[in-house]
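Notes follow once the structure below has been shown.
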Amino acid sequence: MEAISQALQPYKEHVGFTAGLLTVGQMFSGCFVCNDIRKKGTTEGFSPMMFIGGCGLTILFLQHGMLMGDPAMITTNIVGFSISFAYAAFFAFYTPAALKGNFWRQVMWSGLFTLAILLYAKYENPAVVEDRFGMIITVLMLCLIGQPLFGLPEIIRRKTTEGLPFPMILSGTIVGLSWLLYGVILNNVFVVLQNLAGVLLSGIQLALFAIYPSKPAPPSKKRN
């Protein structure tokens with residue numbers, strides 16, 4: 001990978017800028033999910049973790065970018081946090097009263113967890129913190145990306161991908177590929193592994209759309 005990294009060094013700024021631009025664009029794909037929520041008038045059936053987790057993860061990626069001293073990652077995640085925060089606020093607005101308690105509990109636990117990892121980064125040995133912090137956020141990112149797959153049994157039972165955010169998954173795959181290339185240029189194993197695994201998980205979810213329709217089939221009418 002080092003030889004490829006050296007060969008691509010002249011393109012580092014261009015690839016980093018493009019990856020950042022695609023990431024910001026990908027984050028706006030959440031508007032499609034928000035529009036579905038708006039039309040339905042409720043968040044029932046939608047998971048808030050894609051937005052709450054997005055807030056926490058962008059903060060952690062921002063910290064990682066600061067540890068690496070990488071301007072592209074820093075700028076991208078500052079913008080990313082702002083967008084994720086707006087989505088989370090939108091989700092809270094449309095969450096019915098009966099579900100608000102669950103929503104705020106997820107916000108609280110996500111916030112505490114994010115704070116704990118930031119404190120770890122602050123007090124860890126500077127000689128190893130970048131690699132260990134990178135390993136932690138790699139695992140967290142994979143959990144967030146793969147979260148829709150926890151509903152796989154239900155998807156198979158209902159034979160529909162309704163509820164899966166197709167625009168976010170598709171754009172996330174494209175963004176993952178761009179950051180994968182940037183990770184190769186940086187010769188940073190954690191950036192490469194994060195995005196390689198992310199692309200694979202997104203690919204599995206995209207395959208579900210090829211197998212099952214986005215809307216459940218109407219119930220068949222039985223003849224008397």
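All residue names refer to the structure tokens as shown: chains lettered A, B, ... in order, residues numbered from 1 in each chain, ligands numbered from 1 in order.
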
**OP:** Would you please give, as a ChimeraX atom specification, all residues of segment 16-175 of chain A that DSSP assigns to alpha helix (DSSP H) based on the backbone?
**Re:** /A:16-27,30-40,49-68,71-94,97-123,129-146,152-158,166-175

Original post:
Which polymer residues have any atom within 12 Å of an atom of Ala207 of chain A, counting only C-alpha atoms, with same-chain residues fewer than 5 positions away left out, as a PyMOL selection string?
Top reply: chain A and resi 149+161+164+166+169-170+200-202+212-213

Original post:
Taking only C-alpha atoms into account, which of A:Ile155, A:Ala98, A:Gly56, A:Leu206 comes nearest Ala116 of chain A?
Top reply: A:Gly56

Original post:
So what do you get for atom CA of Ile37 of chain A versus atom CA of Gln106 of chain A, distance-wise?
Top reply: 18.7 Å

Subject >> Residues near segment 64-73 of chain A, cut-off 9 Å, only C-alpha atoms, skip fewer than 2 positions along chain, as a ChimeraX atom specification >> reply: /A:13,16-17,19-20,59-62,75-78,129-130,133-134,137

Subject >> Selection near Phe91 of chain A, 12 Å with only C-alpha atoms, sequence-local residues under 4 positions removed, as a ChimeraX atom specification >> reply: /A:30-31,33-38,41-52,84-87,95-96,99-100,103-104,107

Restricting the output to C-alpha atoms, write the selected residues as a short mmCIF file (atom, residue, chain, number, x, y, z; two decimals), in the first residue's frame.
```cif
data_model
loop_
_atom_site.label_atom_id
_atom_site.label_comp_id
_atom_site.auth_asym_id
_atom_site.auth_seq_id
_atom_site.Cartn_x
_atom_site.Cartn_y
_atom_site.Cartn_z
CA GLY A 30 -31.05 12.21 5.03
CA CYS A 31 -33.55 14.76 3.67
CA VAL A 33 -35.79 10.08 5.17
CA CYS A 34 -36.97 13.31 6.81
CA ASN A 35 -39.42 13.84 3.95
CA ASP A 36 -40.82 10.34 4.47
CA ILE A 37 -41.25 11.14 8.15
CA ARG A 38 -42.93 14.45 7.30
CA GLY A 41 -46.46 12.67 10.23
CA THR A 42 -44.59 10.54 12.76
CA THR A 43 -41.23 8.88 13.32
CA GLU A 44 -42.89 5.59 14.25
CA GLY A 45 -41.13 2.82 12.32
CA PHE A 46 -37.94 4.87 11.88
CA SER A 47 -34.81 4.50 13.99
CA PRO A 48 -33.34 7.70 15.49
CA MET A 49 -29.88 6.15 15.73
CA MET A 50 -28.97 7.07 12.15
CA PHE A 51 -29.15 10.73 13.26
CA ILE A 52 -28.25 10.53 16.96
CA SER A 84 -26.66 15.55 11.78
CA PHE A 85 -27.75 17.84 14.61
CA ALA A 86 -30.40 19.41 12.36
CA TYR A 87 -31.71 15.95 11.45
CA THR A 95 -41.50 11.99 17.51
CA PRO A 96 -44.88 11.36 19.18
CA LEU A 99 -41.91 7.69 22.04
CA LYS A 100 -40.12 10.84 23.20
CA PHE A 103 -35.68 9.15 21.97
CA TRP A 104 -34.17 11.23 24.78
CA VAL A 107 -29.65 10.89 23.09
#
```

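Remark: for Trp109 of chain A, the closest of the candidate residues A:Gly53, A:Met141, A:Ile136, A:Glu154 is A:Gly53 (distances computed over only C-alpha atoms).
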
Subject >> For Val15 of chain A, the nearest of the candidates A:Ile185, A:Cys55, A:Ile211, A:Met135, counting only C-alpha atoms >> reply: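 Using only C-alpha atoms, Val15 of chain A sits closest to A:Ile185.
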
Subject >> Atomic distance atom CA of Val139 of chain A - atom CA of Gln194 of chain A, expressed in Å with one decimal >> reply: 8.0 Å

Original post:
Hey, can you check how far atom CA of Ala197 of chain A sits from atom CA of Thr18 of chain A?
Top reply: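 If I compute the distance from atom CA of Ala197 of chain A to atom CA of Thr18 of chain A, I get 20.3 Å.
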
**OP:** Within 9 Å of Ser29 of chain A, counting only C-alpha atoms, which residues show up once you throw out same-chain ones fewer than 4 positions away? Write them as a list in words, please.
**Re:** Gly25, Val33, Pro165, Pro167, Met168 and Ser171 of chain A

Take the selection from the previous step and output its residues with N, CA and C atoms, as a CSV table (one decimal), in the first residue's frame.
```csv
chain,number,residue,atom,x,y,z
A,25,GLY,N,-22.5,16.0,0.7
A,25,GLY,CA,-23.6,15.7,-0.2
A,25,GLY,C,-24.4,14.5,0.3
A,33,VAL,N,-35.2,10.7,4.0
A,33,VAL,CA,-35.8,10.1,5.2
A,33,VAL,C,-36.7,11.1,5.9
A,165,PRO,N,-33.1,3.1,4.6
A,165,PRO,CA,-32.9,4.4,3.9
A,165,PRO,C,-32.0,4.2,2.6
A,167,PRO,N,-31.4,6.0,-0.2
A,167,PRO,CA,-30.5,7.1,-0.6
A,167,PRO,C,-29.3,7.2,0.3
A,168,MET,N,-29.5,7.0,1.6
A,168,MET,CA,-28.3,7.1,2.5
A,168,MET,C,-27.4,6.0,2.3
A,171,SER,N,-25.5,6.5,-1.2
A,171,SER,CA,-24.6,7.6,-1.2
A,171,SER,C,-23.4,7.3,-0.2
```

Subject >> Within 9 Å of Phe190 of chain A using only C-alpha atoms, minus same-chain residues under 2 positions, as a ChimeraX atom specification >> reply: /A:131,134-135,138,183,188,192-195
